[in-house]
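Trainee: My file is entry-v8.pdb. It has PDB, C-alpha atoms:
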MODEL        1
ATOM      1  CA  PRO W   1     -17.641 -22.452 -32.193  1.00  0.00           C
ATOM      2  CA  LEU W   2     -18.336 -18.728 -32.211  1.00  0.00           C
ATOM      3  CA  VAL W   3     -16.174 -17.099 -34.901  1.00  0.00           C
ATOM      4  CA  TYR W   4     -16.081 -13.375 -35.612  1.00  0.00           C
ATOM      5  CA  GLY W   5     -15.059 -12.657 -39.193  1.00  0.00           C
ATOM      6  CA  SER W   6     -14.009 -14.943 -41.991  1.00  0.00           C
ATOM      7  CA  GLN W   7     -10.939 -17.141 -42.326  1.00  0.00           C
ATOM      8  CA  GLY W   8      -9.568 -14.474 -44.653  1.00  0.00           C
ATOM      9  CA  ASP W   9      -9.907 -11.887 -41.862  1.00  0.00           C
ATOM     10  CA  TRP W  10      -8.030 -14.170 -39.473  1.00  0.00           C
ATOM     11  CA  ASP W  11      -5.285 -14.821 -42.025  1.00  0.00           C
ATOM     12  CA  SER W  12      -4.931 -11.096 -42.696  1.00  0.00           C
ATOM     13  CA  SER W  13      -4.717 -10.319 -38.956  1.00  0.00           C
ATOM     14  CA  LEU W  14      -2.134 -13.066 -38.437  1.00  0.00           C
ATOM     15  CA  LYS W  15      -0.028 -11.695 -41.299  1.00  0.00           C
ATOM     16  CA  ILE W  16      -0.068  -8.205 -39.752  1.00  0.00           C
ATOM     17  CA  ILE W  17       0.968  -9.594 -36.351  1.00  0.00           C
ATOM     18  CA  LEU W  18       3.802 -11.618 -37.882  1.00  0.00           C
ATOM     19  CA  ASP W  19       4.962  -8.645 -39.999  1.00  0.00           C
ATOM     20  CA  TRP W  20       5.128  -6.301 -36.997  1.00  0.00           C
ATOM     21  CA  SER W  21       6.160  -8.638 -34.182  1.00  0.00           C
ATOM     22  CA  PRO W  22       9.377 -10.439 -33.258  1.00  0.00           C
ATOM     23  CA  PHE W  23       7.783 -13.771 -34.224  1.00  0.00           C
ATOM     24  CA  SER W  24       8.349 -15.144 -37.702  1.00  0.00           C
ATOM     25  CA  SER W  25       5.779 -17.952 -37.776  1.00  0.00           C
ATOM     26  CA  LYS W  26       2.350 -18.859 -36.478  1.00  0.00           C
ATOM     27  CA  GLU W  27       3.891 -21.706 -34.465  1.00  0.00           C
ATOM     28  CA  GLU W  28       6.403 -19.370 -32.799  1.00  0.00           C
ATOM     29  CA  LEU W  29       3.590 -16.950 -31.935  1.00  0.00           C
ATOM     30  CA  LEU W  30       1.357 -19.668 -30.459  1.00  0.00           C
ATOM     31  CA  LYS W  31       4.282 -20.959 -28.382  1.00  0.00           C
ATOM     32  CA  GLN W  32       4.117 -17.685 -26.407  1.00  0.00           C
ATOM     33  CA  PHE W  33       0.802 -18.781 -24.875  1.00  0.00           C
ATOM     34  CA  GLU W  34       2.195 -21.979 -23.342  1.00  0.00           C
ATOM     35  CA  ASP W  35       3.233 -20.356 -20.052  1.00  0.00           C
ATOM     36  CA  VAL W  36       0.061 -18.245 -19.734  1.00  0.00           C
ATOM     37  CA  ASP W  37      -2.233 -21.261 -19.148  1.00  0.00           C
ATOM     38  CA  SER W  38      -5.946 -20.812 -19.854  1.00  0.00           C
ATOM     39  CA  HIS W  39      -6.061 -17.079 -19.092  1.00  0.00           C
ATOM     40  CA  GLY W  40      -3.785 -14.135 -18.491  1.00  0.00           C
ATOM     41  CA  THR W  41      -1.816 -11.478 -20.301  1.00  0.00           C
ATOM     42  CA  LYS W  42       1.741 -11.607 -21.534  1.00  0.00           C
ATOM     43  CA  VAL W  43       3.553  -8.461 -22.644  1.00  0.00           C
ATOM     44  CA  VAL W  44       6.450  -8.721 -25.082  1.00  0.00           C
ATOM     45  CA  ALA W  45       8.611  -5.603 -25.414  1.00  0.00           C
ATOM     46  CA  TYR W  46      10.794  -5.376 -28.496  1.00  0.00           C
ATOM     47  CA  ASN W  47      12.076  -2.902 -31.096  1.00  0.00           C
ATOM     48  CA  LEU W  48      12.901  -0.407 -28.345  1.00  0.00           C
ATOM     49  CA  TRP W  49      14.357   3.025 -28.949  1.00  0.00           C
ATOM     50  CA  MET W  50      17.962   3.818 -28.171  1.00  0.00           C
ATOM     51  CA  ASN W  51      19.283   6.911 -26.447  1.00  0.00           C
ATOM     52  CA  ASP W  52      22.076   9.146 -27.750  1.00  0.00           C
ATOM     53  CA  ASP W  53      24.682   6.767 -26.303  1.00  0.00           C
ATOM     54  CA  GLY W  54      23.277   3.832 -28.274  1.00  0.00           C
ATOM     55  CA  LEU W  55      21.736   2.182 -25.200  1.00  0.00           C
ATOM     56  CA  LEU W  56      18.156   0.917 -25.008  1.00  0.00           C
ATOM     57  CA  GLU W  57      15.732   3.360 -23.384  1.00  0.00           C
ATOM     58  CA  LEU W  58      14.611   0.575 -21.061  1.00  0.00           C
ATOM     59  CA  ASP W  59      17.231  -0.989 -18.821  1.00  0.00           C
ATOM     60  CA  PHE W  60      16.990  -4.766 -18.473  1.00  0.00           C
ATOM     61  CA  GLU W  61      20.522  -5.245 -17.118  1.00  0.00           C
ATOM     62  CA  ASP W  62      20.841  -3.327 -13.831  1.00  0.00           C
ATOM     63  CA  ASP W  63      18.100  -5.321 -12.086  1.00  0.00           C
ATOM     64  CA  ASP W  64      17.265  -8.930 -13.007  1.00  0.00           C
ATOM     65  CA  GLU W  65      13.779  -8.594 -11.490  1.00  0.00           C
ATOM     66  CA  ASP W  66      12.726  -5.220 -12.873  1.00  0.00           C
ATOM     67  CA  ILE W  67      12.515  -3.101 -16.005  1.00  0.00           C
ATOM     68  CA  LEU W  68      13.852   0.408 -15.467  1.00  0.00           C
ATOM     69  CA  LEU W  69      13.857   3.639 -17.407  1.00  0.00           C
ATOM     70  CA  ARG W  70      17.508   4.246 -18.121  1.00  0.00           C
ATOM     71  CA  ASP W  71      19.257   7.042 -16.187  1.00  0.00           C
ATOM     72  CA  GLN W  72      16.108   8.008 -14.269  1.00  0.00           C
ATOM     73  CA  GLY W  73      17.036   6.699 -10.819  1.00  0.00           C
ATOM     74  CA  GLN W  74      19.122   9.705  -9.806  1.00  0.00           C
ATOM     75  CA  THR W  75      17.627  12.185  -7.366  1.00  0.00           C
ATOM     76  CA  SER W  76      18.609  15.503  -5.902  1.00  0.00           C
ATOM     77  CA  GLY W  77      16.490  15.019  -2.760  1.00  0.00           C
ATOM     78  CA  GLY W  78      18.122  14.777   0.654  1.00  0.00           C
ATOM     79  CA  THR W  79      21.211  16.542   1.891  1.00  0.00           C
ATOM     80  CA  THR W  80      23.036  13.688   3.605  1.00  0.00           C
ATOM     81  CA  LYS W  81      23.817  10.247   2.245  1.00  0.00           C
ATOM     82  CA  ILE W  82      21.205   8.655   4.542  1.00  0.00           C
ATOM     83  CA  GLN W  83      18.535  11.180   3.559  1.00  0.00           C
ATOM     84  CA  LYS W  84      19.307  10.621  -0.113  1.00  0.00           C
ATOM     85  CA  GLU W  85      18.977   6.847   0.357  1.00  0.00           C
ATOM     86  CA  ILE W  86      15.591   7.300   2.075  1.00  0.00           C
ATOM     87  CA  VAL W  87      14.327   9.424  -0.810  1.00  0.00           C
ATOM     88  CA  GLU W  88      15.684   7.034  -3.460  1.00  0.00           C
ATOM     89  CA  GLN W  89      14.107   3.975  -1.799  1.00  0.00           C
ATOM     90  CA  HIS W  90      10.651   5.500  -1.337  1.00  0.00           C
ATOM     91  CA  ILE W  91       7.903   4.303  -3.664  1.00  0.00           C
ATOM     92  CA  SER W  92       7.089   7.898  -4.700  1.00  0.00           C
ATOM     93  CA  HIS W  93      10.541   8.161  -6.262  1.00  0.00           C
ATOM     94  CA  ARG W  94      10.943   4.601  -7.570  1.00  0.00           C
ATOM     95  CA  LEU W  95       7.588   4.469  -9.395  1.00  0.00           C
ATOM     96  CA  ARG W  96       8.880   7.096 -11.833  1.00  0.00           C
ATOM     97  CA  PHE W  97      11.445   4.739 -13.349  1.00  0.00           C
ATOM     98  CA  SER W  98      10.704   1.212 -12.065  1.00  0.00           C
ATOM     99  CA  LEU W  99       7.975  -0.934 -13.596  1.00  0.00           C
ATOM    100  CA  ARG W 100       7.979  -3.186 -10.510  1.00  0.00           C
ATOM    101  CA  ALA W 101       7.442  -0.202  -8.186  1.00  0.00           C
ATOM    102  CA  TYR W 102       4.664   1.198 -10.371  1.00  0.00           C
ATOM    103  CA  THR W 103       2.788  -2.097 -10.605  1.00  0.00           C
ATOM    104  CA  SER W 104       3.133  -2.610  -6.831  1.00  0.00           C
ATOM    105  CA  ILE W 105       0.770   0.337  -6.180  1.00  0.00           C
ATOM    106  CA  LEU W 106      -1.353  -0.016  -9.319  1.00  0.00           C
ATOM    107  CA  TYR W 107      -4.324  -1.468  -7.413  1.00  0.00           C
ATOM    108  CA  LEU W 108      -5.881   0.072  -4.315  1.00  0.00           C
ATOM    109  CA  ARG W 109      -7.250  -3.159  -2.881  1.00  0.00           C
ATOM    110  CA  LYS W 110      -5.253  -6.351  -2.563  1.00  0.00           C
ATOM    111  CA  PHE W 111      -5.546  -8.451  -5.680  1.00  0.00           C
ATOM    112  CA  GLU W 112      -6.539 -11.980  -4.794  1.00  0.00           C
ATOM    113  CA  ASN W 113      -7.613 -13.676  -8.015  1.00  0.00           C
ATOM    114  CA  PHE W 114      -4.561 -12.874 -10.135  1.00  0.00           C
ATOM    115  CA  GLN W 115      -0.843 -12.147  -9.979  1.00  0.00           C
ATOM    116  CA  ILE W 116       1.418  -9.674 -11.693  1.00  0.00           C
ATOM    117  CA  ILE W 117       4.638 -11.444 -12.590  1.00  0.00           C
ATOM    118  CA  LEU W 118       7.501  -9.315 -13.818  1.00  0.00           C
ATOM    119  CA  ARG W 119      10.589 -11.025 -15.202  1.00  0.00           C
ATOM    120  CA  GLY W 120       9.602 -14.290 -13.567  1.00  0.00           C
ATOM    121  CA  LYS W 121       8.991 -12.938 -10.048  1.00  0.00           C
ATOM    122  CA  PRO W 122       5.593 -11.968  -8.577  1.00  0.00           C
ATOM    123  CA  VAL W 123       5.118  -8.280  -7.777  1.00  0.00           C
ATOM    124  CA  GLU W 124       4.547  -7.653  -4.069  1.00  0.00           C
ATOM    125  CA  GLN W 125       1.654  -5.263  -3.635  1.00  0.00           C
ATOM    126  CA  ILE W 126       2.156  -2.135  -1.518  1.00  0.00           C
ATOM    127  CA  SER W 127      -0.709  -0.327   0.186  1.00  0.00           C
ATOM    128  CA  ILE W 128       0.245   3.325   0.506  1.00  0.00           C
ATOM    129  CA  ALA W 129      -2.470   3.818   3.143  1.00  0.00           C
ATOM    130  CA  ASN W 130      -0.782   1.202   5.344  1.00  0.00           C
ATOM    131  CA  GLU W 131       2.532   3.058   5.034  1.00  0.00           C
ATOM    132  CA  LEU W 132       1.206   6.233   6.695  1.00  0.00           C
ATOM    133  CA  LYS W 133       1.667   7.356  10.295  1.00  0.00           C
ATOM    134  CA  PHE W 134      -0.800   9.486  12.279  1.00  0.00           C
ATOM    135  CA  LYS W 135      -3.403   8.384   9.749  1.00  0.00           C
ATOM    136  CA  LYS W 136      -6.936   9.762   9.745  1.00  0.00           C
ATOM    137  CA  VAL W 137      -9.899   8.899   7.582  1.00  0.00           C
ATOM    138  CA  VAL W 138     -11.691  12.007   6.359  1.00  0.00           C
ATOM    139  CA  THR W 139     -14.669  12.506   4.082  1.00  0.00           C
ATOM    140  CA  TYR W 140     -13.916  14.442   0.926  1.00  0.00           C
ATOM    141  CA  LYS W 141     -16.734  16.111  -0.960  1.00  0.00           C
ATOM    142  CA  PRO W 142     -15.813  18.181  -4.025  1.00  0.00           C
ATOM    143  CA  GLN W 143     -16.986  21.790  -4.062  1.00  0.00           C
ATOM    144  CA  VAL W 144     -19.056  22.074  -7.222  1.00  0.00           C
ATOM    145  CA  ALA W 145     -22.314  23.652  -8.332  1.00  0.00           C
ATOM    146  CA  HIS W 146     -25.082  23.019  -5.800  1.00  0.00           C
ATOM    147  CA  ASP W 147     -27.373  21.288  -8.300  1.00  0.00           C
ATOM    148  CA  SER W 148     -24.886  18.646  -9.475  1.00  0.00           C
ATOM    149  CA  GLN W 149     -24.782  15.075  -8.218  1.00  0.00           C
ATOM    150  CA  VAL W 150     -21.708  14.793  -6.001  1.00  0.00           C
ATOM    151  CA  VAL W 151     -20.479  11.683  -4.302  1.00  0.00           C
ATOM    152  CA  SER W 152     -18.397  11.998  -1.179  1.00  0.00           C
ATOM    153  CA  VAL W 153     -15.514   9.625  -0.648  1.00  0.00           C
ATOM    154  CA  LYS W 154     -13.525   8.452   2.371  1.00  0.00           C
ATOM    155  CA  VAL W 155      -9.848   9.390   2.122  1.00  0.00           C
ATOM    156  CA  ASP W 156      -6.931   8.107   4.208  1.00  0.00           C
ATOM    157  CA  ILE W 157      -4.614  10.999   5.038  1.00  0.00           C
ATOM    158  CA  GLY W 158      -1.440  10.855   7.065  1.00  0.00           C
ATOM    159  CA  PHE W 159       2.264  11.503   7.108  1.00  0.00           C
ATOM    160  CA  ALA W 160       4.734   9.461   5.131  1.00  0.00           C
ATOM    161  CA  LYS W 161       6.477   7.255   7.677  1.00  0.00           C
ATOM    162  CA  GLU W 162       9.823   8.697   6.555  1.00  0.00           C
ATOM    163  CA  ALA W 163       8.733  12.265   7.418  1.00  0.00           C
ATOM    164  CA  PRO W 164      10.220  14.803   7.865  1.00  0.00           C
ATOM    165  CA  VAL W 165      13.250  13.551   5.875  1.00  0.00           C
ATOM    166  CA  LEU W 166      11.024  12.677   2.942  1.00  0.00           C
ATOM    167  CA  GLY W 167       9.430  15.813   1.559  1.00  0.00           C
ATOM    168  CA  ILE W 168       7.027  13.994  -0.747  1.00  0.00           C
ATOM    169  CA  PHE W 169       3.362  14.934  -0.545  1.00  0.00           C
ATOM    170  CA  GLY W 170       0.214  14.517  -2.570  1.00  0.00           C
ATOM    171  CA  MET W 171      -2.893  12.485  -3.195  1.00  0.00           C
ATOM    172  CA  ASN W 172      -2.902   9.035  -4.757  1.00  0.00           C
ATOM    173  CA  VAL W 173      -6.063   8.988  -6.826  1.00  0.00           C
ATOM    174  CA  TYR W 174      -7.669   5.656  -7.676  1.00  0.00           C
ATOM    175  CA  HIS W 175     -10.720   5.004  -9.838  1.00  0.00           C
ATOM    176  CA  LYS W 176     -12.406   1.602  -9.806  1.00  0.00           C
ATOM    177  CA  ASN W 177      -9.474   0.187  -7.831  1.00  0.00           C
ATOM    178  CA  ARG W 178      -6.856   1.375 -10.391  1.00  0.00           C
ATOM    179  CA  LEU W 179      -4.269   4.088  -9.864  1.00  0.00           C
ATOM    180  CA  ILE W 180      -4.857   7.052 -12.146  1.00  0.00           C
ATOM    181  CA  MET W 181      -2.696   9.723 -10.487  1.00  0.00           C
ATOM    182  CA  PRO W 182       0.171   8.917  -8.087  1.00  0.00           C
ATOM    183  CA  PHE W 183       1.268  11.562  -5.574  1.00  0.00           C
ATOM    184  CA  TRP W 184      -0.790  14.287  -7.230  1.00  0.00           C
ATOM    185  CA  LYS W 185       0.406  17.586  -5.827  1.00  0.00           C
ATOM    186  CA  VAL W 186      -2.512  19.562  -4.444  1.00  0.00           C
ATOM    187  CA  LEU W 187      -0.334  22.358  -3.058  1.00  0.00           C
ATOM    188  CA  GLN W 188       2.348  24.485  -4.644  1.00  0.00           C
ATOM    189  CA  GLU W 189       5.773  22.855  -4.779  1.00  0.00           C
ATOM    190  CA  ALA W 190       7.498  25.606  -2.785  1.00  0.00           C
ATOM    191  CA  SER W 191       4.862  25.640  -0.045  1.00  0.00           C
ATOM    192  CA  SER W 192       5.752  24.147   3.331  1.00  0.00           C
ATOM    193  CA  ARG W 193       2.060  23.462   3.993  1.00  0.00           C
ATOM    194  CA  GLY W 194       1.258  19.794   3.733  1.00  0.00           C
ATOM    195  CA  ARG W 195       4.893  18.693   3.690  1.00  0.00           C
ATOM    196  CA  SER W 196       5.068  14.871   3.904  1.00  0.00           C
ATOM    197  CA  VAL W 197       1.250  14.616   3.964  1.00  0.00           C
ATOM    198  CA  VAL W 198       0.012  11.815   1.734  1.00  0.00           C
ATOM    199  CA  GLY W 199      -3.535  10.809   0.908  1.00  0.00           C
ATOM    200  CA  VAL W 200      -5.144   7.789  -0.714  1.00  0.00           C
TER     201      VAL W 200
ENDMDL
END
Written as structure tokens, that's how I'd like the structure from this file.
Mentor:
Amino acid sequence: PLVYGSQGDWDSSLKIILDWSPFSSKEELLKQFEDVDSHGTKVVAYNLWMNDDGLLELDFEDDDEDILLRDQGQTSGGTTKIQKEIVEQHISHRLRFSLRAYTSILYLRKFENFQIILRGKPVEQISIANELKFKKVVTYKPQVAHDSQVVSVKVDIGFAKEAPVLGIFGMNVYHKNRLIMPFWKVLQEASSRGRSVVGV
């Protein structure tokens, strides 16, 4: 077998993991891999911070299928109860405090060879481009120095289907199929230009 480092290195690394993890033995640590099968990633969150009220910063209780940032779900958007509900249910609002919402738009293209499972339930992927109305595909080419190598890219632009109630706008920037900037505001916040216009 291909082994990097000595047995002493492995023992030292194992000791560090056991000292700084919630697992007290090698057997308990290895047991965590039983439900991952031959490949995959498992994230264990522990030793979380508490807020001023003595509550964990992450909320595991309000939603059995999600992990939420505590006290972040409130919004001031919308003037009526229905408008407020539309704003609160939109992905642009939920991704700020919901791990399930964030991971649902994390990949631009549909993932086919793996799953994201959060708290025992698969994450349903959302394509923001498919959620747009009056959609157009435009070619974007950055304006830079004339001698630089610039690659143009096709961009889906349209209105959020909840427009005009939903005032969200911005570009969802992906690099190598991964989200790097959700709903990036390309106009000033107070401007009415581009209201409810979303790009991917």
Trainee: Stretch 117-126 of chain W: which residues within 10 Å, counting only C-alpha atoms, same-chain residues fewer than 4 positions away excluded, as a ChimeraX atom specification?
Mentor: /W:42-43,60,63-67,91,99-111,130-131
Trainee: Restricted to C-alpha atoms, what would the selected residues look like written as an mmCIF file, in the coordinates of the input?
Mentor:
data_model
loop_
_atom_site.group_PDB
_atom_site.id
_atom_site.type_symbol
_atom_site.label_atom_id
_atom_site.label_comp_id
_atom_site.auth_asym_id
_atom_site.auth_seq_id
_atom_site.Cartn_x
_atom_site.Cartn_y
_atom_site.Cartn_z
ATOM 1 C CA LYS W 42 1.741 -11.607 -21.534
ATOM 2 C CA VAL W 43 3.553 -8.461 -22.644
ATOM 3 C CA PHE W 60 16.990 -4.766 -18.473
ATOM 4 C CA ASP W 63 18.100 -5.321 -12.086
ATOM 5 C CA ASP W 64 17.265 -8.930 -13.007
ATOM 6 C CA GLU W 65 13.779 -8.594 -11.490
ATOM 7 C CA ASP W 66 12.726 -5.220 -12.873
ATOM 8 C CA ILE W 67 12.515 -3.101 -16.005
ATOM 9 C CA ILE W 91 7.903 4.303 -3.664
ATOM 10 C CA LEU W 99 7.975 -0.934 -13.596
ATOM 11 C CA ARG W 100 7.979 -3.186 -10.510
ATOM 12 C CA ALA W 101 7.442 -0.202 -8.186
ATOM 13 C CA TYR W 102 4.664 1.198 -10.371
ATOM 14 C CA THR W 103 2.788 -2.097 -10.605
ATOM 15 C CA SER W 104 3.133 -2.610 -6.831
ATOM 16 C CA ILE W 105 0.770 0.337 -6.180
ATOM 17 C CA LEU W 106 -1.353 -0.016 -9.319
ATOM 18 C CA TYR W 107 -4.324 -1.468 -7.413
ATOM 19 C CA LEU W 108 -5.881 0.072 -4.315
ATOM 20 C CA ARG W 109 -7.250 -3.159 -2.881
ATOM 21 C CA LYS W 110 -5.253 -6.351 -2.563
ATOM 22 C CA PHE W 111 -5.546 -8.451 -5.680
ATOM 23 C CA ASN W 130 -0.782 1.202 5.344
ATOM 24 C CA GLU W 131 2.532 3.058 5.034
#
Trainee: Grab the atom CA of W:Asp53 to atom CA of W:Pro22 distance for me, in Å with one decimal place.
Mentor: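 One can read the atom CA of W:Asp53 to atom CA of W:Pro22 distance as 24.1 Å.
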Trainee: Given all atoms listed in the file as the basis, pick out the residue of W:Ser13, W:Val44, W:Leu166, W:Arg70 nearest to W:Gln32.
Mentor: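 Under the stated criterion, the closest residue is W:Val44.
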Trainee: Can you tell me how far atom CA of W:Tyr174 sits from atom CA of W:Ser92, in Å to one decimal?
Mentor: 15.2 Å
Trainee: Just give me the gap between atom CA of W:Lys136 and atom CA of W:Val173 in Å, one decimal is fine.
Mentor: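 Atom CA of W:Lys136 sits 16.6 Å away from atom CA of W:Val173.
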Trainee: Rank nothing, just name the residue among W:His90, W:Lys133, W:Arg96, W:Lys141 nearest to W:Ile168, using all atoms listed in the file.
Mentor: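 Nearest candidate to W:Ile168 out of W:His90, W:Lys133, W:Arg96, W:Lys141: W:His90.
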Trainee: Let me make sure I understand: among W:Gly158, W:Gly54, W:Asn47, W:Gly167, which one has the smallest atom-to-atom distance to W:Ser21 if we use all atoms listed in the file?
Mentor: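 Closest residue, counting all atoms listed in the file: W:Asn47.
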Trainee: Could you expand the PyMOL selection byres ((chain W and resi 161) around 8) into the explicit residues it covers here, written as a list of chain:residue names?
Mentor: W:Glu131, W:Leu132, W:Lys133, W:Phe159, W:Ala160, W:Glu162, W:Ala163
Trainee: Which one is closest to W:Val165: W:Val150, W:Glu88, W:Gln115, W:Val144? Count all atoms listed in the file.
Mentor: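 Ranking W:Val150, W:Glu88, W:Gln115, W:Val144 by distance to W:Val165, first place goes to W:Glu88.
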Trainee: Please write the residues picked by the PyMOL selection byres ((chain W and resi 137) around 8) on this file as a ChimeraX atom specification.
Mentor: /W:135-136,138-139,154-157
Trainee: From the list W:Asp62, W:Glu34, W:Asp52, W:Asp71, which residue is nearest W:Phe97 when using only C-alpha atoms?
Mentor: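 Closest to W:Phe97, using only C-alpha atoms: W:Asp71.
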Trainee: Name the closest residue to W:Leu95 among the candidates W:Gly40, W:Lys81, W:Leu179, W:Leu14; distances are taken between atoms, counting all atoms listed in the file.
Mentor: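 The answer is W:Leu179, which sits nearest to W:Leu95.
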Trainee: Give me the box for stretch 104-109 of chain W as AutoDock Vina command-line options, namely the centre and edge lengths in Å to one decimal of a box along x, y and z that holds every listed atom plus 5 Å on each side.
Mentor:
--center_x -2.1 --center_y -1.4 --center_z -6.1 --size_x 20.4 --size_y 13.5 --size_z 16.4
Trainee: What does the PyMOL selection byres ((chain W and resi 152) around 6) select in this file, as a list in words?
Mentor: Tyr140, Lys141, Val151 and Val153 of chain W
